[in-house]
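Comments concern the structure below.
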Amino acid sequence: MVFTRKLLPLLAVIQIACAGVAQASSYLSVGYFNGGGDVTAGPGGDIDKLDVRQITHLNYSFGLIYNDEKDETNAALKDASKLHQIWLSPKVMSDLEKVPALRKQNPNLKVLLSVGGWGARGFSGAAATPENRAVFIRSAQEVIQRYGLDGIDLDWEYPVNGAWGLVASLPEDRANFTALLNELRTALGKEKLLTIAVGANVKSPTEWVDVKAIAPALDYINLMTYDMAYGTQYFNANLYDSKSWPTVAAADKYNVNFVVDNYIKAGLKPAQMNLGIGFYGRIPKRATEPGIDWDKPDAAKNPVTQPYFGDTEKALFMSLGVDLTKDSYMKYNDIVSKLLNDPQKRFTENWDDDAHVPYLTVKSSEGKPLFAISYENPRSVAIKAEYIKAKGLGGAMFWEYGADDNNRLAKELAKDLGIKTEH
């Protein structure tokens with residue numbers, strides 16, 4: 001099937017897709033919940049306020065790994081007697097005790113512990129040898145059994161690459177990750193779920209993760225098809241390239257469809273992939289930092305774009321709780337309450353017909369509209385659900401539940417993917 005660059009109307013999409021795609025009721029909606037705290041998303045949310053009636057799977061985030069990496073800042077993870085085992089904070093342990101209550105909301109709910117996340121250390125060491133892998137696997141089994149979980153999800157960011165030097169990595173990580181997942185599958189049997197999250201980077205399915213080798217061991221793979229607003233890119237999770245707000249550097253020209261196709265070309269079956277949807281937005285890095293085209297000579301000395309936010313724009317976001325010197329992340333519920341419902345009406349809502357996502361602009365001191373932030377809303381989520389069906393994907397994944405605005409985006413996904421809910 002040739003999938004055109006422009007989305008087809010919903011009826012046509014369904015007609016094309018239904019020939020080789022599972023019925024809508026079989027689609028997955030995998031919701032990550034930032035319960036334990038995350039480097040970028042902030043403190044953990046309140047599990048008692050979680051409504052899980054419109055998802056099929058809940059990935060509770062995060063468990064971490066005891067490690068001996070020199071830059072580890074969490075003293076609790078430095079316990080040498082527990083090296084390579086899974087560490088759970090008191091908050092995480094308390095929350096996991098409440099899993100039975102969540103299942104009362106949704107008796108069909110599958111609950112997994114997600115281990116890792118951005119900046120999480122210990123994966124490379126835990127996967128490095130058969131002995132280390134055995135320690136990690138026993139720990140995973142104990143956690144699953146202790147809390148009655150349905151499985152485990154590994155979010156290693158990233159094998160071989162090491163988050164661009166942030167965490168330890170080895171050239172052997174790719175093969176070691178394959179061995180770890182195959183051995184985990186053997187230990188868990190078929191009764192428990194084993195899943196992973198993988199990055200959007202073009203090198204991920206070709207150099208960092210051997211997707212064909214690990215696919216048989218996994219129930220499904222969650223694609224992190226977001227966090228693209230870096231370099232000279234404006235959008236966080238554009239479905240296709242924007243003509244109105246193009247990238248300058250070719251290497252920054254990412255979009256959701258491009259990422260999905262990269263994994264398919266690497267040998268992953270579409271039905272085993274869940275499309276990642278971010279319940280948040282990002283201020284593009286090019287607003288605050290020079291854009292570098294690393295494919296050009298003396299790239300660092302010759303930026304291809306210059307920052308377009310001035311002190312006024314930076315101060316505005318700072319007043320809204322976003323420190324642009326540290327991160328550009330903003331939850332959807334904050335985008336709604338602070339930007340869309342801004343009483344001073346400083347932001348203008350826009351829609352990009354090519355990228356198929358909304359974005360906001362803010363006026364400069366000269367009155368020029370500046371690209372401020374891109375994000376997801378119910379309209380863009382519905383279009384991504386159409387895309388899931390047309391590409392024959394297994395379903396959707398989203399990060400993260402606590403960032404939603406009164407469950408609007410999660411409910412939109414459930415409706416569009418035909419997931420039966422009880423309210």
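Chain labels A, B, ... are given in the sequence in which chains occur in the structure tokens; within each chain residues are numbered consecutively from 1, and ligands are likewise numbered from 1 in the order shown.
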Give me, as a Markdown table, the closest atom pair and its distance (Å, one decimal) for every residue of segment 293-353 of chain A within a cut-off of 7 Å of segment 394-411 of chain A, counting only C-alpha atoms, rows sorted by chain and rising number.
```
| residue | atom | partner | partner_atom | distance |
| --- | --- | --- | --- | --- |
| A:Lys331 | CA | A:Ala403 | CA | 5.0 |
| A:Tyr332 | CA | A:Ala403 | CA | 5.6 |
| A:Asn333 | CA | A:Asp405 | CA | 4.4 |
```
Give me the residues near Ser374 of chain A as an mmCIF file with C-alpha atoms, in the first residue's frame, where near means some atom within 9 Å (using only C-alpha atoms) and where sequence neighbours in that chain fewer than 3 positions away do not count.
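Done, and the output landed in around30.cif:
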```
data_model
loop_
_atom_site.group_PDB
_atom_site.id
_atom_site.type_symbol
_atom_site.label_atom_id
_atom_site.label_comp_id
_atom_site.auth_asym_id
_atom_site.auth_seq_id
_atom_site.Cartn_x
_atom_site.Cartn_y
_atom_site.Cartn_z
ATOM 1 C CA ALA A 229 12.226 19.966 18.481
ATOM 2 C CA TYR A 234 10.490 23.616 15.052
ATOM 3 C CA PHE A 235 8.056 20.787 15.785
ATOM 4 C CA ASN A 236 8.041 18.277 18.624
ATOM 5 C CA ALA A 237 6.037 15.513 16.904
ATOM 6 C CA ASN A 238 5.001 16.541 13.402
ATOM 7 C CA TYR A 280 3.167 17.675 26.164
ATOM 8 C CA GLY A 281 4.871 20.232 23.989
ATOM 9 C CA ARG A 282 8.365 21.649 23.589
ATOM 10 C CA ILE A 283 9.640 25.122 22.864
ATOM 11 C CA PRO A 284 12.011 24.500 19.934
ATOM 12 C CA VAL A 357 -0.266 19.336 14.584
ATOM 13 C CA PRO A 358 -1.134 22.584 16.372
ATOM 14 C CA TYR A 359 1.346 25.207 17.475
ATOM 15 C CA LEU A 360 1.293 28.561 19.227
ATOM 16 C CA PHE A 371 6.959 30.089 16.756
#
```
Would you list the contacts of segment 129-131 of chain A as a list in words, taking every protein, DNA or RNA residue within 12 Å and counting only C-alpha atoms, but skipping same-chain residues closer than 5 positions in sequence?
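Counting only C-alpha atoms, the residues come to Leu83, His84, Gln85, Phe123, Ser124, Phe136, Ile137, Arg138, Glu172, Asp173, Ala175, Asn176, Phe177, Thr178, Ala179, Leu180, Leu181, Asn182, Glu183 and Leu184 of chain A.
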Excluding Tyr32 of chain A and its own-chain neighbours fewer than 3 positions away, which residues fall within 12 Å of it when counting only C-alpha atoms? Please give them as a PyMOL selection string.
chain A and resi 29+35-38+41+44-45+47+50+52+55-62+110-115+117+153+155+197+222+224+276-279+396-404+410
Keeping only C-alpha atoms, write the selected residues to a file as a tab-separated table (two decimals), in the first residue's frame.
```tsv
chain	number	residue	atom	x	y	z
A	29	SER	CA	-3.40	2.24	24.11
A	35	GLY	CA	4.66	8.12	39.21
A	36	GLY	CA	8.23	7.92	40.41
A	37	GLY	CA	9.56	11.13	38.95
A	38	ASP	CA	11.44	11.84	35.72
A	41	ALA	CA	8.80	15.61	33.30
A	44	GLY	CA	5.88	11.93	40.23
A	45	GLY	CA	2.12	12.27	39.98
A	47	ILE	CA	-1.69	7.57	41.45
A	50	LEU	CA	-5.38	8.20	37.90
A	52	VAL	CA	-7.29	4.03	33.73
A	55	ILE	CA	-6.31	2.50	28.24
A	56	THR	CA	-5.36	-1.13	27.74
A	57	HIS	CA	-1.90	-1.04	29.37
A	58	LEU	CA	-0.34	1.09	32.09
A	59	ASN	CA	3.44	1.48	32.20
A	60	TYR	CA	4.31	2.70	35.67
A	61	SER	CA	7.48	4.81	35.49
A	62	PHE	CA	10.17	4.44	36.65
A	110	LYS	CA	-2.38	-4.76	32.11
A	111	VAL	CA	0.16	-3.11	34.42
A	112	LEU	CA	3.91	-3.11	33.76
A	113	LEU	CA	6.82	-1.55	35.58
A	114	SER	CA	8.91	0.56	33.26
A	115	VAL	CA	12.62	0.61	34.12
A	117	GLY	CA	13.98	6.72	31.30
A	153	ASP	CA	9.06	-2.56	30.10
A	155	ASP	CA	13.35	2.11	28.51
A	197	ALA	CA	10.66	1.79	24.27
A	222	ASN	CA	6.85	1.53	21.87
A	224	MET	CA	9.16	7.41	21.07
A	276	GLY	CA	4.30	7.27	20.61
A	277	ILE	CA	2.22	10.37	21.28
A	278	GLY	CA	3.46	13.08	23.62
A	279	PHE	CA	0.93	14.61	25.99
A	396	ALA	CA	-0.64	3.93	20.49
A	397	MET	CA	1.64	4.71	23.39
A	398	PHE	CA	1.67	8.01	25.20
A	399	TRP	CA	3.86	9.85	27.66
A	400	GLU	CA	2.45	10.63	30.10
A	401	TYR	CA	-0.88	10.29	31.87
A	402	GLY	CA	-0.31	13.00	34.46
A	403	ALA	CA	0.23	15.60	31.71
A	404	ASP	CA	-3.22	15.15	30.18
A	410	ALA	CA	-6.53	9.69	26.42
```
May I have all residues of segment 57-258 of chain A that DSSP, computed from the backbone, assigns to strand (DSSP E), given as a ChimeraX atom specification?
/A:57-65,86-87,110-116,151-155,193-198,220-223
Expected answer as a PyMOL selection string: alpha helix (DSSP H) residues in segment 36-95 of chain A
chain A and resi 90-95
Taking C-alpha atoms for each residue, export the selection above as a tab-separated table (two decimals), in the first residue's frame.
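Writing the result to selection.tsv gives the following:
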```
chain	number	residue	atom	x	y	z
A	90	PRO	CA	9.57	4.41	48.55
A	91	LYS	CA	7.05	6.36	46.44
A	92	VAL	CA	7.18	3.77	43.67
A	93	MET	CA	6.78	0.87	46.11
A	94	SER	CA	3.82	2.58	47.75
A	95	ASP	CA	2.17	3.23	44.39
```
For a quick check of understanding, using only C-alpha atoms, which of A:Ala128, A:Ala300, A:Ile373, A:Val160 has the smallest distance to Gln233 of chain A?
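Comparing A:Ala128, A:Ala300, A:Ile373, A:Val160 against Gln233 of chain A, the winner is A:Ile373.
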Separation of atom CA of Ser244 of chain A from atom CA of Asp354 of chain A, in Å and rounded to one decimal:
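Interatomic distance here is 8.3 Å.
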Point out the residue among A:Ile335, A:Ala355, A:Leu370, A:Leu275 with the least atom-to-atom distance to Glu313 of chain A, counting only C-alpha atoms.
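Counting only C-alpha atoms, the residue closest to Glu313 of chain A is A:Leu370.
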Counting only C-alpha atoms, what is within 9 Å of Asp293 of chain A, bar same-chain residues fewer than 4 positions away, as a ChimeraX atom specification?
/A:231-232,248-252,297,299-300,302-304
What would the file look like if the residues just selected were written as a short mmCIF file (atom, residue, chain, number, x, y, z; two decimals), in the first residue's frame with N, CA and C atoms?
```
data_model
loop_
_atom_site.label_atom_id
_atom_site.label_comp_id
_atom_site.auth_asym_id
_atom_site.auth_seq_id
_atom_site.Cartn_x
_atom_site.Cartn_y
_atom_site.Cartn_z
N GLY A 231 17.92 21.07 17.31
CA GLY A 231 18.63 21.52 16.12
C GLY A 231 17.87 22.63 15.42
N THR A 232 17.56 22.44 14.14
CA THR A 232 16.84 23.46 13.38
C THR A 232 15.38 23.08 13.15
N VAL A 248 16.41 23.68 8.60
CA VAL A 248 17.50 24.15 7.76
C VAL A 248 18.48 23.01 7.50
N ALA A 249 18.89 22.33 8.56
CA ALA A 249 19.81 21.21 8.42
C ALA A 249 19.03 19.95 8.02
N ALA A 250 19.51 19.27 6.98
CA ALA A 250 18.82 18.07 6.49
C ALA A 250 18.75 17.00 7.58
N ALA A 251 19.77 16.91 8.43
CA ALA A 251 19.80 15.88 9.47
C ALA A 251 18.75 16.11 10.55
N ASP A 252 18.19 17.32 10.61
CA ASP A 252 17.14 17.62 11.60
C ASP A 252 15.74 17.37 11.06
N PRO A 297 31.49 21.50 7.36
CA PRO A 297 32.80 21.74 8.00
C PRO A 297 32.71 22.88 9.01
N ALA A 299 31.26 23.09 11.75
CA ALA A 299 29.84 23.31 12.03
C ALA A 299 29.61 24.16 13.27
N ALA A 300 30.32 23.84 14.37
CA ALA A 300 30.08 24.55 15.62
C ALA A 300 30.39 26.03 15.52
N ASN A 302 30.02 27.79 12.77
CA ASN A 302 29.19 28.40 11.72
C ASN A 302 27.73 27.96 11.84
N PRO A 303 27.01 28.46 12.83
CA PRO A 303 25.60 28.10 12.99
C PRO A 303 24.79 28.49 11.76
N VAL A 304 23.81 27.64 11.44
CA VAL A 304 22.97 27.91 10.26
C VAL A 304 21.72 28.69 10.63
#
```
For Ala168 of chain A, list every protein, DNA or RNA residue within 8 Å, evaluated using only C-alpha atoms, and leave out those in the same chain fewer than 3 positions away; present the list as an mmCIF file with N, CA and C atoms, in the first residue's frame.
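Wrote around27.cif, looks like this:
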```cif
data_model
loop_
_atom_site.group_PDB
_atom_site.id
_atom_site.type_symbol
_atom_site.label_atom_id
_atom_site.label_comp_id
_atom_site.auth_asym_id
_atom_site.auth_seq_id
_atom_site.Cartn_x
_atom_site.Cartn_y
_atom_site.Cartn_z
ATOM 1 N N GLU A 69 28.239 3.533 37.943
ATOM 2 C CA GLU A 69 28.691 4.583 37.036
ATOM 3 C C GLU A 69 29.171 5.796 37.838
ATOM 4 N N ARG A 121 20.807 5.414 34.598
ATOM 5 C CA ARG A 121 22.069 4.688 34.452
ATOM 6 C C ARG A 121 21.893 3.210 34.787
ATOM 7 N N GLY A 122 22.897 2.427 34.430
ATOM 8 C CA GLY A 122 22.956 1.037 34.855
ATOM 9 C C GLY A 122 22.655 0.000 33.805
ATOM 10 N N SER A 124 23.876 -0.463 30.665
ATOM 11 C CA SER A 124 25.035 -1.015 29.968
ATOM 12 C C SER A 124 25.755 -2.039 30.838
ATOM 13 N N GLY A 162 24.417 5.883 24.516
ATOM 14 C CA GLY A 162 24.582 6.391 25.868
ATOM 15 C C GLY A 162 24.053 7.797 26.079
ATOM 16 N N GLY A 165 26.526 10.481 25.495
ATOM 17 C CA GLY A 165 27.556 10.594 26.513
ATOM 18 C C GLY A 165 27.060 10.872 27.910
#
```
Find the residue from A:Lys285, A:Lys253, A:Lys269, A:Arg103 that sits nearest to Leu239 of chain A; use only C-alpha atoms when measuring.
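Using only C-alpha atoms, the shortest distance to Leu239 of chain A belongs to A:Lys253.
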Straight-line distance linking atom CA of Val322 of chain A with atom CA of Gly119 of chain A, stated in Å to one decimal:
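Between atom CA of Val322 of chain A and atom CA of Gly119 of chain A the gap works out to 19.8 Å.
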Selected residue of minimal separation from Val198 of chain A among A:Asp219, A:Glu157, A:Asp210, A:Glu97, counting only C-alpha atoms
A:Glu157
